[in-house]
>>> print(open('entry_34.txt').read())   # compact mmCIF, C-alpha atoms
# COMPACT_ATOMS: atom_id res chain seq x y z
CA MET N 1309 -2.22 -28.79 -25.67
CA GLN N 1310 0.12 -25.81 -25.72
CA ALA N 1311 -2.78 -23.41 -25.25
CA ARG N 1312 -4.26 -25.53 -22.46
CA SER N 1313 -1.06 -25.59 -20.41
CA MET N 1314 -0.73 -21.86 -20.90
CA GLU N 1315 -4.25 -21.32 -19.60
CA LEU N 1316 -3.38 -23.49 -16.62
CA THR N 1317 -0.30 -21.45 -15.71
CA VAL N 1318 -2.14 -18.18 -16.18
CA GLY N 1319 -4.94 -19.47 -13.97
CA LEU N 1320 -2.41 -20.50 -11.33
CA PHE N 1321 -0.75 -17.09 -11.58
CA VAL N 1322 -4.01 -15.21 -11.04
CA MET N 1323 -4.89 -17.53 -8.16
CA ALA N 1324 -1.48 -16.94 -6.57
CA GLY N 1325 -2.02 -13.19 -6.81
CA LEU N 1326 -5.45 -13.39 -5.20
CA LEU N 1327 -4.15 -15.77 -2.52
CA ALA N 1328 -1.38 -13.30 -1.74
CA LEU N 1329 -3.98 -10.56 -1.35
CA ALA N 1330 -6.04 -12.82 0.91
CA MET N 1331 -2.95 -13.61 2.98
CA LEU N 1332 -2.16 -9.91 3.33
CA ALA N 1333 -5.75 -9.20 4.38
CA LEU N 1334 -6.14 -12.09 6.83
CA LYS N 1335 -2.68 -12.75 8.20
CA VAL N 1336 -0.98 -9.37 7.94
CA GLY N 1337 -3.88 -6.93 8.24
CA ASN N 1338 -6.33 -6.86 11.08
CA ILE N 1339 -9.58 -8.16 9.60
CA HIS N 1340 -11.31 -7.73 12.98
CA ALA N 1341 -10.77 -3.98 12.81
CA LEU N 1342 -13.28 -3.86 9.96
CA ASN N 1343 -16.09 -4.40 12.51
CA LEU N 1344 -18.12 -6.68 10.32
CA GLY N 1345 -20.87 -7.05 12.93
CA GLY N 1346 -21.58 -3.31 13.11
CA THR N 1347 -20.93 -0.92 15.95
CA TYR N 1348 -22.71 1.55 18.22
CA ALA N 1349 -21.24 4.85 19.32
CA VAL N 1350 -20.93 6.11 22.87
CA THR N 1351 -19.14 9.25 24.03
CA ALA N 1352 -16.97 10.00 27.03
CA ASP N 1353 -15.62 13.37 28.22
CA PHE N 1354 -12.02 13.51 29.38
CA ASN N 1355 -10.07 16.37 30.92
CA ASP N 1356 -6.96 15.30 29.03
CA VAL N 1357 -6.66 12.65 26.34
CA GLY N 1358 -2.87 12.77 26.22
CA SER N 1359 -1.72 11.37 22.90
CA LEU N 1360 -4.82 9.23 22.26
CA LYS N 1361 -5.52 9.01 18.53
CA PRO N 1362 -8.53 8.01 16.45
CA LYS N 1363 -8.52 4.24 15.69
CA ALA N 1364 -6.86 3.46 19.01
CA PRO N 1365 -8.32 0.28 20.52
CA VAL N 1366 -11.01 0.16 23.22
CA THR N 1367 -10.56 -2.78 25.53
CA VAL N 1368 -12.35 -4.48 28.37
CA ALA N 1369 -10.14 -6.64 30.56
CA GLY N 1370 -7.52 -6.45 27.82
CA VAL N 1371 -9.84 -7.74 25.09
CA ARG N 1372 -10.46 -5.45 22.14
CA VAL N 1373 -14.14 -4.50 21.91
CA GLY N 1374 -14.05 -1.45 19.63
CA HIS N 1375 -12.05 1.58 18.64
CA VAL N 1376 -11.88 5.34 19.06
CA ALA N 1377 -13.90 6.92 16.27
CA ARG N 1378 -13.01 10.58 16.75
CA ILE N 1379 -11.81 13.07 19.31
CA THR N 1380 -13.35 16.56 19.43
CA ILE N 1381 -13.57 19.29 22.00
CA ASN N 1382 -16.69 20.47 23.81
CA PRO N 1383 -16.74 24.25 23.29
CA GLN N 1384 -18.62 24.85 26.58
CA THR N 1385 -16.58 22.80 29.02
CA TYR N 1386 -13.31 22.64 27.07
CA GLN N 1387 -13.21 18.93 27.72
CA ALA N 1388 -12.20 16.43 25.08
CA VAL N 1389 -15.16 14.44 23.74
CA VAL N 1390 -14.04 10.98 22.67
CA THR N 1391 -16.46 8.97 20.55
CA LEU N 1392 -16.03 5.23 20.94
CA ASP N 1393 -17.35 2.72 18.40
CA LEU N 1394 -18.14 -0.48 20.30
CA LEU N 1395 -18.93 -3.80 18.65
CA LYS N 1396 -22.67 -4.56 18.63
CA LYS N 1397 -22.18 -8.05 20.01
CA TYR N 1398 -21.03 -6.68 23.36
CA ARG N 1399 -23.22 -4.78 25.86
CA PHE N 1400 -21.89 -2.88 28.84
CA PRO N 1401 -23.64 -1.50 31.95
CA ARG N 1402 -24.47 2.19 31.89
CA ASP N 1403 -22.30 2.99 34.90
CA SER N 1404 -19.15 1.60 33.26
CA SER N 1405 -16.11 3.83 33.53
CA ALA N 1406 -13.55 4.69 30.88
CA SER N 1407 -9.89 5.42 31.42
CA ILE N 1408 -7.05 6.19 29.05
CA GLU N 1409 -4.11 3.90 29.59
CA THR N 1410 -0.77 3.28 27.98
CA ALA N 1411 0.40 -0.03 26.60
CA GLY N 1412 3.76 -0.48 28.26
CA LEU N 1413 5.83 2.43 29.48
CA LEU N 1414 6.14 4.22 26.15
CA GLY N 1415 3.54 2.36 24.07
CA GLU N 1416 0.49 3.76 22.35
CA GLN N 1417 -2.50 4.89 24.36
CA TYR N 1418 -5.85 3.12 24.40
CA VAL N 1419 -9.19 3.37 26.18
CA SER N 1420 -9.94 0.80 28.83
CA LEU N 1421 -13.55 0.26 29.96
CA SER N 1422 -14.34 -1.06 33.41
CA PRO N 1423 -17.88 -2.47 33.55
CA GLY N 1424 -20.11 -1.27 36.38
CA GLY N 1425 -22.99 -3.05 38.05
CA SER N 1426 -26.05 -1.43 36.51
CA ARG N 1427 -28.79 -3.51 34.92
CA ARG N 1428 -29.25 -0.91 32.20
CA TYR N 1429 -26.90 -0.94 29.26
CA LEU N 1430 -25.04 1.61 27.18
CA LYS N 1431 -26.70 2.16 23.83
CA ASN N 1432 -26.03 4.22 20.73
CA GLY N 1433 -25.51 7.85 21.73
CA SER N 1434 -25.18 7.32 25.46
CA LYS N 1435 -22.45 8.90 27.48
CA ILE N 1436 -19.95 7.34 29.85
CA ARG N 1437 -19.98 9.57 32.95
CA ILE N 1438 -17.07 8.23 34.98
CA THR N 1439 -13.78 8.85 33.20
CA GLN N 1440 -10.15 8.99 34.10
CA SER N 1441 -7.78 11.09 32.02
CA ALA N 1442 -4.56 10.00 30.50
CA ILE N 1443 -1.55 9.75 32.75
CA ILE N 1444 1.09 11.97 31.26
CA LEU N 1445 4.53 10.77 32.15
CA GLU N 1446 6.19 14.18 31.84
CA LYS N 1447 3.80 15.70 34.39
CA ILE N 1448 4.45 12.94 36.88
CA ILE N 1449 8.20 13.25 36.43
CA SER N 1450 8.10 17.04 36.83
CA GLN N 1451 5.92 16.72 39.95
CA LEU N 1452 8.36 14.22 41.35
CA LEU N 1453 11.31 16.49 40.56
CA TYR N 1454 9.63 19.53 42.15
CA SER N 1455 8.73 17.62 45.27
CA LYS N 1456 12.29 16.30 45.52
CA ALA N 1457 13.67 19.79 45.03
CA GLY N 1458 11.37 21.23 47.68
CA HIS N 1459 12.25 18.39 50.02
CA SER N 1460 16.02 18.81 49.74
CA SER N 1461 15.91 22.63 49.97
CA GLY N 1462 13.78 22.32 53.10
CA HIS N 1463 16.45 20.26 54.77
CA SER N 1464 19.49 22.29 53.88
CA MET L 530 25.24 36.28 -27.20
CA SER L 531 24.42 33.18 -29.20
CA TRP L 532 25.63 30.56 -26.72
CA GLY L 533 23.19 31.61 -23.96
CA ALA L 534 20.32 32.00 -26.37
CA ASP L 535 21.06 28.60 -27.91
CA THR L 536 21.05 26.87 -24.55
CA ILE L 537 17.75 28.42 -23.62
CA ARG L 538 16.35 27.58 -27.04
CA ALA L 539 17.49 23.96 -26.68
CA LEU L 540 15.81 23.79 -23.29
CA GLY L 541 12.62 25.21 -24.73
CA ARG L 542 12.72 22.74 -27.60
CA ARG L 543 13.09 19.80 -25.20
CA VAL L 544 10.20 20.97 -23.04
CA ILE L 545 7.96 21.52 -26.06
CA SER L 546 8.81 18.14 -27.54
CA GLY L 547 8.30 16.48 -24.14
CA ILE L 548 4.84 18.00 -23.81
CA GLY L 549 4.17 17.05 -27.42
CA ARG L 550 5.02 13.40 -26.66
CA LEU L 551 2.74 13.44 -23.64
CA GLY L 552 -0.02 14.75 -25.89
CA HIS L 553 0.66 12.01 -28.44
CA ALA L 554 0.56 9.41 -25.67
CA VAL L 555 -2.82 10.71 -24.44
CA LEU L 556 -4.21 10.77 -27.98
CA PHE L 557 -2.96 7.22 -28.44
CA LEU L 558 -4.73 6.17 -25.24
CA VAL L 559 -7.96 7.76 -26.47
CA ARG L 560 -7.63 5.91 -29.79
CA LEU L 561 -6.99 2.72 -27.86
CA MET L 562 -10.16 3.06 -25.72
CA PRO L 563 -12.64 1.39 -28.08
CA GLY L 564 -10.09 -1.37 -28.70
CA LEU L 565 -9.96 -2.10 -24.97
CA GLY L 566 -13.59 -3.19 -24.94
CA VAL L 567 -13.13 -5.29 -28.05
CA ALA L 568 -10.09 -7.01 -26.53
CA LEU L 569 -12.04 -7.84 -23.35
CA ALA L 570 -14.62 -9.64 -25.45
CA ARG L 571 -11.82 -11.82 -26.84
CA GLY L 572 -10.23 -12.90 -23.58
CA ARG L 573 -8.03 -15.55 -25.15
CA LEU L 574 -5.60 -12.92 -26.45
CA ILE L 575 -5.38 -11.35 -23.00
CA ILE L 576 -4.68 -14.73 -21.40
CA GLN L 577 -1.89 -15.31 -23.91
CA GLN L 578 -0.35 -11.94 -23.05
CA LEU L 579 -0.91 -12.50 -19.34
CA TYR L 580 1.29 -15.54 -19.72
CA MET L 581 3.99 -13.57 -21.56
CA THR L 582 3.99 -10.60 -19.17
CA GLY L 583 2.71 -11.94 -15.85
CA VAL L 584 3.76 -15.55 -15.51
CA LEU L 585 7.22 -15.04 -16.99
CA THR L 586 7.84 -12.10 -14.61
CA LEU L 587 6.80 -14.24 -11.65
CA VAL L 588 10.23 -15.77 -11.06
CA ILE L 589 12.08 -12.46 -10.76
CA VAL L 590 9.29 -11.08 -8.55
CA LEU L 591 9.37 -14.11 -6.24
CA VAL L 592 13.16 -14.04 -5.88
CA SER L 593 13.39 -10.26 -5.43
CA GLY L 594 10.47 -10.25 -2.99
CA ALA L 595 12.06 -12.91 -0.80
CA PHE L 596 15.42 -11.13 -0.81
CA VAL L 597 13.94 -7.70 -0.12
CA GLY L 598 11.96 -9.13 2.80
CA MET L 599 15.04 -10.83 4.24
CA ILE L 600 17.16 -7.69 3.84
CA LEU L 601 14.47 -5.59 5.51
CA ALA L 602 14.39 -8.03 8.42
CA LEU L 603 18.17 -7.90 8.89
CA GLN L 604 18.47 -4.14 8.50
CA GLY L 605 15.35 -3.39 10.53
CA TYR L 606 16.49 -5.67 13.34
CA ASN L 607 19.88 -4.00 13.39
CA THR L 608 18.27 -0.58 13.88
CA LEU L 609 15.39 -1.58 16.16
CA VAL L 610 17.55 -3.56 18.54
CA ARG L 611 19.29 -0.31 19.56
CA TYR L 612 15.96 0.91 20.95
CA ASP L 613 15.07 -2.50 22.32
CA ALA L 614 12.08 -2.47 19.95
CA GLN L 615 12.86 -5.58 17.90
CA SER L 616 9.36 -6.88 18.62
CA SER L 617 8.08 -4.28 16.12
CA LEU L 618 10.13 -5.84 13.32
CA GLY L 619 7.12 -7.61 11.80
CA LEU L 620 5.19 -4.35 11.69
CA LEU L 621 8.12 -2.47 10.16
CA VAL L 622 8.61 -5.07 7.43
CA ALA L 623 4.90 -5.41 6.65
CA LEU L 624 4.26 -1.68 6.43
CA SER L 625 7.35 -1.04 4.29
CA LEU L 626 6.46 -3.85 1.91
CA VAL L 627 2.71 -3.39 1.65
CA ARG L 628 2.67 0.38 1.43
CA GLU L 629 5.82 1.17 -0.51
CA LEU L 630 8.32 -1.42 -1.62
CA GLY L 631 5.88 -4.04 -2.92
CA PRO L 632 4.08 -1.81 -5.44
CA VAL L 633 7.13 0.28 -6.42
CA LEU L 634 9.75 -2.45 -6.82
CA THR L 635 7.29 -4.72 -8.61
CA ALA L 636 6.44 -1.97 -11.07
CA LEU L 637 10.14 -1.21 -11.64
CA LEU L 638 10.92 -4.89 -12.19
CA PHE L 639 7.91 -5.22 -14.44
CA ALA L 640 9.01 -2.24 -16.53
CA GLY L 641 12.43 -3.80 -17.00
CA ARG L 642 11.31 -7.37 -17.55
CA ALA L 643 7.98 -7.09 -19.37
CA GLY L 644 7.52 -3.45 -20.37
CA SER L 645 10.71 -3.43 -22.44
CA ALA L 646 9.66 -6.70 -24.10
CA LEU L 647 6.23 -5.24 -24.96
CA THR L 648 7.82 -2.19 -26.57
CA ALA L 649 10.36 -4.23 -28.51
CA GLU L 650 7.70 -6.64 -29.74
CA ILE L 651 5.29 -3.99 -30.95
CA GLY L 652 8.14 -1.89 -32.33
CA LEU L 653 9.50 -4.83 -34.31
CA MET L 654 6.04 -5.63 -35.61
CA LYS L 655 5.96 -2.08 -36.89
CA ALA L 656 9.51 -2.22 -38.30
CA THR L 657 8.81 -5.47 -40.14
CA GLU L 658 5.56 -3.95 -41.47
CA GLN L 659 3.36 -6.55 -39.78
CA LEU L 660 1.10 -3.79 -38.45
CA ASP L 661 0.80 -2.28 -41.94
CA GLY L 662 0.02 -5.74 -43.26
CA MET L 663 -2.80 -6.14 -40.77
CA GLU L 664 -4.23 -2.77 -41.74
CA MET L 665 -4.03 -3.89 -45.38
CA MET L 666 -6.22 -6.86 -44.48
CA ALA L 667 -8.65 -4.47 -42.77
CA VAL L 668 -7.65 -5.71 -39.31
CA ASP L 669 -7.19 -2.85 -36.89
CA PRO L 670 -3.95 -3.56 -34.98
CA LEU L 671 -5.04 -1.53 -31.94
CA PRO L 672 -7.66 -3.96 -30.61
CA ARG L 673 -5.86 -7.02 -31.98
CA VAL L 674 -2.25 -6.34 -30.97
CA VAL L 675 -2.01 -3.40 -28.59
CA ALA L 676 -5.11 -3.68 -26.38
CA PRO L 677 -4.52 -7.27 -25.12
CA ARG L 678 -0.95 -6.37 -24.17
CA PHE L 679 -2.16 -3.27 -22.37
CA TRP L 680 -4.82 -5.21 -20.43
CA ALA L 681 -2.40 -7.98 -19.53
CA GLY L 682 0.15 -5.54 -18.15
CA TRP L 683 -2.49 -3.68 -16.21
CA ILE L 684 -3.86 -6.87 -14.66
CA ALA L 685 -0.47 -8.44 -13.99
CA VAL L 686 1.17 -5.62 -12.00
CA PRO L 687 -1.27 -5.56 -9.02
CA LEU L 688 -1.21 -9.37 -8.81
CA LEU L 689 2.58 -9.40 -8.91
CA ALA L 690 2.75 -6.64 -6.30
CA MET L 691 0.58 -8.64 -3.89
CA ILE L 692 2.75 -11.71 -4.45
CA PHE L 693 5.88 -9.61 -3.90
CA SER L 694 4.62 -8.29 -0.55
CA ALA L 695 3.43 -11.69 0.63
CA VAL L 696 6.68 -13.43 -0.31
CA GLY L 697 8.69 -10.60 1.25
CA ILE L 698 6.84 -10.95 4.55
CA ILE L 699 7.41 -14.71 4.53
CA GLY L 700 11.11 -14.13 3.79
CA ALA L 701 11.31 -11.64 6.66
CA TYR L 702 9.57 -14.13 8.95
CA ILE L 703 12.10 -16.84 8.07
CA VAL L 704 15.04 -14.54 8.84
CA ALA L 705 13.45 -12.99 11.95
CA VAL L 706 12.33 -16.22 13.57
CA GLY L 707 14.87 -18.65 12.17
CA ASP L 708 18.04 -16.59 12.24
CA LEU L 709 17.52 -13.64 14.59
CA GLY L 710 15.59 -15.64 17.16
CA LEU L 711 12.52 -13.41 17.45
CA ASP L 712 9.24 -14.86 18.67
CA GLY L 713 6.98 -15.86 15.79
CA GLY L 714 3.76 -15.00 17.61
CA VAL L 715 4.96 -11.49 18.44
CA PHE L 716 6.05 -11.03 14.82
CA TRP L 717 2.52 -11.68 13.51
CA SER L 718 0.56 -10.04 16.33
CA GLN L 719 2.52 -6.77 16.13
CA MET L 720 1.92 -6.80 12.39
CA GLN L 721 -1.80 -7.39 12.76
CA SER L 722 -2.20 -4.68 15.37
CA GLY L 723 -0.54 -2.08 13.16
CA VAL L 724 -1.47 -2.85 9.55
CA SER L 725 -4.87 -1.55 8.55
CA ILE L 726 -6.69 -3.15 5.65
CA SER L 727 -8.50 -0.03 4.50
CA ASN L 728 -5.45 2.24 4.62
CA ASP L 729 -2.30 0.23 4.14
CA ILE L 730 -3.31 -2.77 2.08
CA MET L 731 -5.87 -0.93 -0.05
CA GLY L 732 -3.42 1.95 -0.46
CA GLY L 733 -0.76 -0.42 -1.76
CA LEU L 734 -3.27 -2.06 -4.07
CA ILE L 735 -4.40 1.29 -5.49
CA LYS L 736 -0.77 2.27 -6.07
CA SER L 737 0.00 -0.93 -7.94
CA VAL L 738 -3.13 -0.57 -10.10
CA VAL L 739 -2.00 2.95 -11.07
CA PHE L 740 1.56 1.75 -11.75
CA GLY L 741 0.25 -1.13 -13.85
CA PHE L 742 -1.79 1.27 -15.94
CA VAL L 743 1.07 3.73 -16.44
CA VAL L 744 3.78 1.18 -17.21
CA SER L 745 1.61 -0.71 -19.70
CA TRP L 746 0.51 2.53 -21.31
CA ILE L 747 4.09 3.77 -21.73
CA ALA L 748 5.26 0.38 -23.03
CA VAL L 749 2.61 -0.01 -25.74
CA PHE L 750 2.79 3.67 -26.71
CA GLU L 751 6.58 3.64 -27.13
CA GLY L 752 6.34 0.44 -29.16
CA TYR L 753 3.61 1.76 -31.41
CA ASP L 754 5.36 5.12 -31.76
CA ALA L 755 8.86 3.70 -32.41
CA LYS L 756 10.74 4.62 -35.56
CA PRO L 757 10.49 1.52 -37.77
CA THR L 758 14.22 0.84 -37.78
CA SER L 759 16.39 -1.33 -35.56
CA GLU L 760 17.84 1.77 -33.95
CA GLY L 761 14.36 3.23 -33.43
CA VAL L 762 13.16 0.07 -31.69
CA SER L 763 16.19 -0.02 -29.42
CA ARG L 764 15.71 3.64 -28.50
CA ALA L 765 12.03 3.07 -27.83
CA THR L 766 12.84 0.16 -25.54
CA THR L 767 15.28 2.28 -23.57
CA ARG L 768 12.74 5.09 -23.35
CA THR L 769 10.13 2.70 -21.99
CA VAL L 770 12.34 1.64 -19.09
CA VAL L 771 13.56 5.17 -18.33
CA SER L 772 10.23 6.95 -18.53
CA SER L 773 8.31 4.19 -16.71
CA SER L 774 10.82 4.24 -13.86
CA LEU L 775 10.60 8.01 -13.56
CA ALA L 776 6.80 7.94 -13.82
CA ILE L 777 6.56 5.23 -11.14
CA LEU L 778 8.72 7.10 -8.65
CA GLY L 779 7.13 10.47 -9.34
CA LEU L 780 3.58 9.14 -9.09
CA ASP L 781 4.54 7.20 -5.99
CA PHE L 782 5.64 10.39 -4.27
CA ILE L 783 2.40 12.16 -5.20
CA MET L 784 0.18 9.25 -4.14
CA THR L 785 2.08 8.72 -0.88
CA ALA L 786 1.77 12.41 -0.05
CA PHE L 787 -1.99 12.24 -0.59
CA MET L 788 -2.47 8.95 1.25
CA LEU L 789 -0.49 9.97 4.32
CA ARG L 790 -2.62 13.10 4.64
CA GLY L 791 -5.67 10.90 4.71
CA LEU L 792 -7.29 11.91 1.44
>>> encode(input="entry_34.txt", output="structure tokens")
Amino acid sequence: MQARSMELTVGLFVMAGLLALAMLALKVGNIHALNLGGTYAVTADFNDVGSLKPKAPVTVAGVRVGHVARITINPQTYQAVVTLDLLKKYRFPRDSSASIETAGLLGEQYVSLSPGGSRRYLKNGSKIRITQSAIILEKIISQLLYSKAGHSSGHS
Amino acid sequence: MSWGADTIRALGRRVISGIGRLGHAVLFLVRLMPGLGVALARGRLIIQQLYMTGVLTLVIVLVSGAFVGMILALQGYNTLVRYDAQSSLGLLVALSLVRELGPVLTALLFAGRAGSALTAEIGLMKATEQLDGMEMMAVDPLPRVVAPRFWAGWIAVPLLAMIFSAVGIIGAYIVAVGDLGLDGGVFWSQMQSGVSISNDIMGGLIKSVVFGFVVSWIAVFEGYDAKPTSEGVSRATTRTVVSSSLAILGLDFIMTAFMLRGL
């Protein structure tokens, strides 16, 4: 009897540990980021990726459909080549466009896809031709300041 | 002339004896290896030890985990609210617990609660000549006494660490949503967007597996190596807690440095 109740508590203990791990994986971690359904890779060239990082989300209409796999540079054009891993269950027209946007004013940057109207779809290895670079807040502010400065000096 | 030379000599002696102990501990582990397989084949002994080390440590881990989570929520809120970023509180708490505090604090608590008990038990068995008695009856004490305790400690620490992190996050949720008035949905969604399974949760799990191995190893080695006197056992118990704590923190620094560089 003693041994049986001990086995029971040990069993409960091990179960509690595994349940805690499951809770961490399902509730705390992002199980969807594991891409269980498989992905296909497309690339997009940007003039400036700002502070975009690998693993940043790729969204369509705000819904996460993949993530940034890696960011390299094209040695010929000096453009940034961003490889996007998109979930296999989604297909997007070939003339879709990609833009780098910021979540909130100071949030992290992500890639937003806008689907086009083509009947042909992006597949593994294809390239998104229409891209819009990251908006860099400092540049906009400095442009604004310069234009203000020029404006006021012109008047006085 | 002699004072300086003596100091340096004393330092040298300590370093040499420290390295010698490490060597003894490694040799002990090598001697223990075949016993580990034998002990696995007799799972009942491991279950018994899992009860002694794991289940009895559960209470302190549950209570500490809940308190640490609640403290993190209060302190984190206090800092984040200055930057108007209190919505990231869930992420802050989850990352701190899963990556760092869960594995480290659990291992420290385990060393104090169960590691010391393992050392004292094995040391007393040696002092009261029970181990010699077993050898007399042609029973090797390594697979029979030491290996099940080692396995149990090794298995218990990662399980306890996961429980610690989970309870801590629940405690933080209770404080954040119940007391500080944060939105529960934001708490979880921020957490899910920022915690990665492959990096953060697996990293924490790997850390706790390493800590479990090291703490159990130190505890059984110090017990087996203790001088067979009451003073020797008490010294060995102290050494277990001190050297496991140092080993945990040192290894944690090394592992964190490697993990953050993406190795």
>>> interface_residues(input="entry_34.txt", of="chain L", to="chain N", cutoff="8 Å", atoms="all atoms listed in the file", output="ChimeraX atom specification")
/L:576-577,579-580,583-584,623,687-689,691-692,694-695,717,720-726,730
>>> atom_distance(input="entry_34.txt", atom1="atom CA of L:Leu671", atom2="atom CA of L:Gly752")
11.9 Å
>>> atom_distance(input="entry_34.txt", atom1="atom CA of L:Arg673", atom2="atom CA of L:Gly564")
7.8 Å
>>> residues_around(input="entry_34.txt", residues="N:Asp1393", least_positions_apart="5", cutoff="10 Å", atoms="all atoms listed in the file", output="ChimeraX atom specification")
/N:1343,1346-1351,1363,1365-1366,1373-1378,1432
>>> residues_near_point(input="entry_34.txt", point="(-13.8, 14.0, 21.6)", cutoff="7 Å", atoms="only C-alpha atoms", output="list in words")
Asp1353, Arg1378, Ile1379, Thr1380, Ile1381, Ala1388, Val1389, Val1390 and Thr1391 of chain N
>>> write_last_selection(input="entry_34.txt", atoms="C-alpha atoms", output="PDB file, keeping the file's coordinate frame")
ATOM      1  CA  ASP N1353     -15.620  13.370  28.220  1.00  0.00           C
ATOM      2  CA  ARG N1378     -13.010  10.580  16.750  1.00  0.00           C
ATOM      3  CA  ILE N1379     -11.810  13.070  19.310  1.00  0.00           C
ATOM      4  CA  THR N1380     -13.350  16.560  19.430  1.00  0.00           C
ATOM      5  CA  ILE N1381     -13.570  19.290  22.000  1.00  0.00           C
ATOM      6  CA  ALA N1388     -12.200  16.430  25.080  1.00  0.00           C
ATOM      7  CA  VAL N1389     -15.160  14.440  23.740  1.00  0.00           C
ATOM      8  CA  VAL N1390     -14.040  10.980  22.670  1.00  0.00           C
ATOM      9  CA  THR N1391     -16.460   8.970  20.550  1.00  0.00           C
TER      10      THR N1391
END
>>> atom_distance(input="entry_34.txt", atom1="atom CA of N:Glu1416", atom2="atom CA of N:Val1371")
15.7 Å
>>> closest_residue(input="entry_34.txt", among="N:Gln1310, N:Thr1385, N:Ser1405, N:Thr1367", to="N:Gly1424", atoms="only C-alpha atoms")
N:Ser1405
>>> residues_around(input="entry_34.txt", residues="N:Arg1399", least_positions_apart="6", cutoff="10 Å", atoms="all atoms listed in the file", output="list in words")
Tyr1348, Val1373, Pro1423, Arg1428, Tyr1429, Leu1430 and Lys1431 of chain N
>>> closest_residue(input="entry_34.txt", among="L:Gln615, L:Thr582, L:Gln659, L:Thr608", to="L:Gly741", atoms="only C-alpha atoms")
L:Thr582
>>> residues_around(input="entry_34.txt", residues="stretch 1437-1449 of chain N", least_positions_apart="5", cutoff="7 Å", atoms="all atoms listed in the file", output="list in words")
Ala1352, Asp1353, Phe1354, Asn1355, Asp1356, Val1357, Gly1358, Ser1405, Ala1406, Ser1407, Ile1408 and Glu1409 of chain N
>>> closest_residue(input="entry_34.txt", among="N:Ser1404, N:Gln1387, N:Ser1359, N:Gln1451", to="N:Ser1422", atoms="all atoms listed in the file")
N:Ser1404
>>> residues_around(input="entry_34.txt", residues="L:Arg550", least_positions_apart="6", cutoff="12 Å", atoms="only C-alpha atoms", output="PyMOL selection string")
chain L and resi 543-544+556-557+747+750-751+754-755+768+772
>>> closest_residue(input="entry_34.txt", among="L:Arg571, L:Trp746, L:Leu778, L:Gly631", to="L:Val559", atoms="all atoms listed in the file")
L:Trp746
>>> residues_around(input="entry_34.txt", residues="stretch 600-607 of chain L", least_positions_apart="4", cutoff="12 Å", atoms="only C-alpha atoms", output="ChimeraX atom specification")
/L:593-596,611-626,630,694,697-711,716
>>> closest_residue(input="entry_34.txt", among="L:Ala656, L:Val738, L:Met784, L:Val675", to="L:Lys756", atoms="all atoms listed in the file")
L:Ala656
>>> closest_residue(input="entry_34.txt", among="L:Val743, L:Thr785, L:Asp669, L:Gly572", to="L:Ala554", atoms="only C-alpha atoms")
L:Val743
